[in-house]
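Student: I have a structure I would like to understand better, so I am pasting it below and will then ask my questions one at a time.
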Amino acid sequence: MTSPVTLAGVGKRFRGTTALDHVTLDLPRGVTGLLGPNGAGKTTLLRIVATALSPDAGSVQVLGADPADPAGRLAIRRRLGYLPQESGAYAGFTAFAFVDYVAVLKEMTDRAARHAEVRRVLEVVGLGDRMHSRIRTLSGGMRRRVGLAQALLGRPDLLVLDEPTVGLDPEQRLRFREVLTGLGTDTTVLLSTHLTEDVAALCPRVVVLDRGRVLFEGATADLSRLADGRVWDADAADPLAAVSWRTAEGRFRNVGSPPPGADLVPAGPEHGYLLLTSVPTAEEMAS
Amino acid sequence: MSWHVDPGTSAGYRAGTLPDAGAASVEAHLLHCAACRADLAGSAADPAHERTWATVTAALDAEPGSATERVLGSALPPHVVRLLAAAPALRRTWWAAGTGLLALALVAAHLGGGAVGTAVFLVSAPLLPLAGVALAYSAVDDVAGEVAGTTPFPRFRLLLMRTLAVAAGTLPVAGLLALALPGGTRPAVLWLAPALALCSLTLALSARLDPRRVAAALTVLWLAVSWTTLRPPRAPVPVVAALERSLAFRPPGQAALLCLAVLALVVAVTRRTTFEDRSRR
């Protein structure tokens, strides 16, 4: 079975800066998390998959269609839900009117059916009681949920979500996780996040991107395994560790090459991620 | 309870074919009979009930909308109204500013003795729909932001719909004001050809360029072309004579502007897929 999203040698540059450097990926059905520091190329990758941006090099296949071809692009857009980093909701609209507007853009012309769908998605994101409030009166987290609601319109086969949990409080984040886990198994979700907890809780698969390159692609459990035996606690930050930080207990957690007899602790995806992104590139080593 | 709704009556009630009196009798019975309520509970899935419920909830969800939406709603389907009302150009503030400009020009036309004021009006009137078209649609102005560009709704169709809406909203206003101009009916129609040409050119060039930049460039170009009309004459001249000083308001210029409008529209329609590509760069 072919993957719903395939990228082969995809490159993108903006005014001399490389955003994506020959990225090759196969994204299966289910939820895939996209991790990476700021400027890693996550948003560029998501925009390319969401047909908002065309790559400079390489080929892309989304849901069996080529976004470079107008007919293919239309076919993809009919099965796509997209939450960009900036939802752009007009503050003068009510949440209902805004989602209704996007529903019209998604070719839902029957008024009664469209309104029923708008109500459904707003209920799903927990805004059933605020759907007729103007967006300017909603909190940042609620606005983010309005953005998520429009992405869920029409039960899309592919959901592309750029930092969906930004601005959400812990309770709202849990609610968001419930929403994603409630999606059918046939749905493909690609979401970017800074939060490794989101990846650990939601994503069976993860892609780590840094400086436009794929550093890791695989199961989230395998990302954790990268750091097996390489995370230890000590009373002081280890100068030889790749990364160190003080824990809530007042000790220092170190990630890297442990000294003999170190007090090893179980590794999580965040440790694997830190190991990957703290390794200097060949160019950095040379300089 | 001594009786229950018989299967035939029950089926008629489900199908909605019972006479009103029969249906009312069944409903009165249902209030007191749990068994018949349970029997008819599945009727909720009936398509007729679903439709009724959808209509009721749609009516409940119908928001009063803005004044613009209410005006548009009297003539257009609700989904078209929703698309048009989301255009910044259709907002009340823009209407007030545009109409105010024209009213000012009209006042100037009467107070200024005719020629200069009329020229100001004729030069500024085509810029009103041009500004509306430029604001009506561009990637950053759409209320849905980048989401709008990833929906299946064709950009060109959206742009064309909003262009027509802006034209339908502004041209009659400018037209009515123009009728009050001194100098007869001829000055009243001279602004129409440049307005159509400027709007069509904006539409065509927006396939590759930002509509607001296109509108700004065309505004400068139009003001340069019509400068000779705006320049105050050394001695008072009749309105028509003053307008003859600019090629844009002479018959050949007007014909050329109309040809340009048609040509630009044809180019825009034939290259409509380019609108999709521009946003993806």
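Residues are named by chain letter and number: chains run A, B, ... in the order of the structure tokens, numbers start at 1 in each chain, and ligands are numbered from 1 in the order shown.
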Tell me which protein, DNA and RNA residues are within 8 Å of Asp228 in chain A, counting only C-alpha atoms, leaving out same-chain ones fewer than 4 positions away, and put them as a compact mmCIF listing (two decimals) with C-alpha atoms, in the first residue's frame.
Tutor:
```txt
# COMPACT_ATOMS: atom_id res chain seq x y z
CA SER A 224 13.48 7.17 22.92
CA PRO A 266 14.85 5.80 31.70
CA ALA A 267 15.05 7.64 28.39
```
Student: Skip Trp191 in chain B itself and residues of its chain fewer than 3 positions away, then list as a list in words all residues within 10 Å of it, counting only C-alpha atoms.
Tutor: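 Once the adjacent positions are removed, what remains is Ala119, Phe121, Leu122, Val123, Ser124, Ala125, Pro126, Leu127, Leu171, Ala174, Gly175, Ala178, Arg186, Pro187, Ala188, Pro194, Ala195, Leu196, Ala248, Phe249 and Gln254 of chain B.
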Student: Going by DSSP on the backbone, which bits of range 34-198 of chain A are helix (DSSP H, G or I)? Write them as an MDAnalysis selection string, please.
Tutor: chainID A and resid 42:49 70:77 95:105 111:124 135:137 140:152 170:181 196:198
Student: Using only C-alpha atoms, which residues sit within 9 Å of Ala242 in chain A once same-chain residues fewer than 2 positions away are excluded, as a PyMOL selection string?
Tutor: chain A and resi 238-240+244+254-257+274-275+278-279
Student: Could you check which of B:Leu159, B:Val147, B:Leu18, B:Val120 is closest to chain A, using only C-alpha atoms?
Tutor: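 Between B:Leu159, B:Val147, B:Leu18, B:Val120, the residue approaching chain A most closely is B:Val147.
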Student: Out of A:Thr137, A:Ser59, A:Thr6, A:Gln85, which residue has the shortest atom-to-atom distance to chain B when counting only C-alpha atoms?
Tutor: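 Using only C-alpha atoms, the shortest distance to chain B belongs to A:Gln85.
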Student: Can you pull out every residue from range 9-84 of chain A that DSSP, working from the backbone, puts in strand (DSSP E or B), and format the result as an mmCIF file with C-alpha atoms, in the first residue's frame?
Tutor:
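What follows is the written file part_3.cif:
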```cif
data_model
loop_
_atom_site.group_PDB
_atom_site.id
_atom_site.type_symbol
_atom_site.label_atom_id
_atom_site.label_comp_id
_atom_site.auth_asym_id
_atom_site.auth_seq_id
_atom_site.Cartn_x
_atom_site.Cartn_y
_atom_site.Cartn_z
ATOM 1 C CA GLY A 9 14.307 14.957 -2.610
ATOM 2 C CA VAL A 10 12.197 18.005 -1.754
ATOM 3 C CA GLY A 11 14.116 21.287 -1.506
ATOM 4 C CA LYS A 12 13.021 24.853 -0.819
ATOM 5 C CA ARG A 13 15.017 28.068 -0.496
ATOM 6 C CA PHE A 14 13.919 31.538 0.601
ATOM 7 C CA THR A 17 18.409 30.486 2.928
ATOM 8 C CA THR A 18 17.813 26.777 2.670
ATOM 9 C CA ALA A 19 14.536 25.876 4.376
ATOM 10 C CA LEU A 20 14.410 22.264 3.175
ATOM 11 C CA ASP A 21 17.388 20.319 1.904
ATOM 12 C CA HIS A 22 16.517 17.218 -0.158
ATOM 13 C CA VAL A 23 13.926 15.902 2.237
ATOM 14 C CA THR A 24 12.715 12.373 1.521
ATOM 15 C CA LEU A 25 9.845 11.052 3.645
ATOM 16 C CA ASP A 26 7.057 8.478 3.613
ATOM 17 C CA LEU A 27 4.233 9.293 5.999
ATOM 18 C CA GLY A 30 -2.112 7.698 11.688
ATOM 19 C CA VAL A 31 -0.521 10.564 13.557
ATOM 20 C CA THR A 32 3.038 11.636 12.725
ATOM 21 C CA GLY A 33 4.734 14.278 14.815
ATOM 22 C CA LEU A 34 7.184 16.733 13.331
ATOM 23 C CA LEU A 35 9.760 17.878 15.848
ATOM 24 C CA ALA A 57 13.149 20.720 -6.164
ATOM 25 C CA GLY A 58 11.947 17.155 -5.761
ATOM 26 C CA SER A 59 8.524 15.578 -6.039
ATOM 27 C CA VAL A 60 5.543 15.374 -3.715
ATOM 28 C CA GLN A 61 2.607 12.970 -3.714
ATOM 29 C CA VAL A 62 -0.307 13.635 -1.378
ATOM 30 C CA ALA A 65 -2.156 13.108 -6.328
ATOM 31 C CA LEU A 80 -7.473 18.207 3.311
ATOM 32 C CA GLY A 81 -7.815 19.991 6.637
ATOM 33 C CA TYR A 82 -5.118 22.571 7.349
ATOM 34 C CA LEU A 83 -4.345 24.575 10.458
#
```
Student: For range 5-12 of chain B, find every residue with an atom within 12 Å (counting only C-alpha atoms), except residues of its own chain fewer than 5 positions away, and show them as a ChimeraX atom specification.
Tutor: /B:17-20,22-30,32-43,46
Student: Which neighbours of Arg79 in chain A fall inside 7 Å, counting only C-alpha atoms, when residues of the same chain fewer than 5 positions from it are skipped, and could you give them as a PyMOL selection string?
Tutor: chain A and resi 156-158
Student: Could you write those residues out with N, CA and C atoms, as a JSON list (two decimals), in the first residue's frame?
Tutor:
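Saved file out-v2.json follows:
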```
[["chain", "number", "residue", "atom", "x", "y", "z"],
["A", 156, "PRO", "N", -11.75, 15.41, 7.02],
["A", 156, "PRO", "CA", -10.74, 15.25, 5.97],
["A", 156, "PRO", "C", -9.90, 13.97, 6.14],
["A", 157, "ASP", "N", -9.38, 13.46, 5.03],
["A", 157, "ASP", "CA", -8.52, 12.28, 5.08],
["A", 157, "ASP", "C", -7.12, 12.64, 5.55],
["A", 158, "LEU", "N", -6.73, 13.91, 5.33],
["A", 158, "LEU", "CA", -5.40, 14.37, 5.73],
["A", 158, "LEU", "C", -5.53, 15.65, 6.54]]
```
Student: CA of Ala261 in chain B to CA of Ala180 in chain B: how many Å, to one decimal?
Tutor: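 Distance reported for this atom pair: 25.9 Å.
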Student: Grab the CA of Ala144 in chain B to CA of Tyr101 in chain A distance for me, in Å with one decimal place.
Tutor: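 Separation of CA of Ala144 in chain B and CA of Tyr101 in chain A: 8.2 Å.
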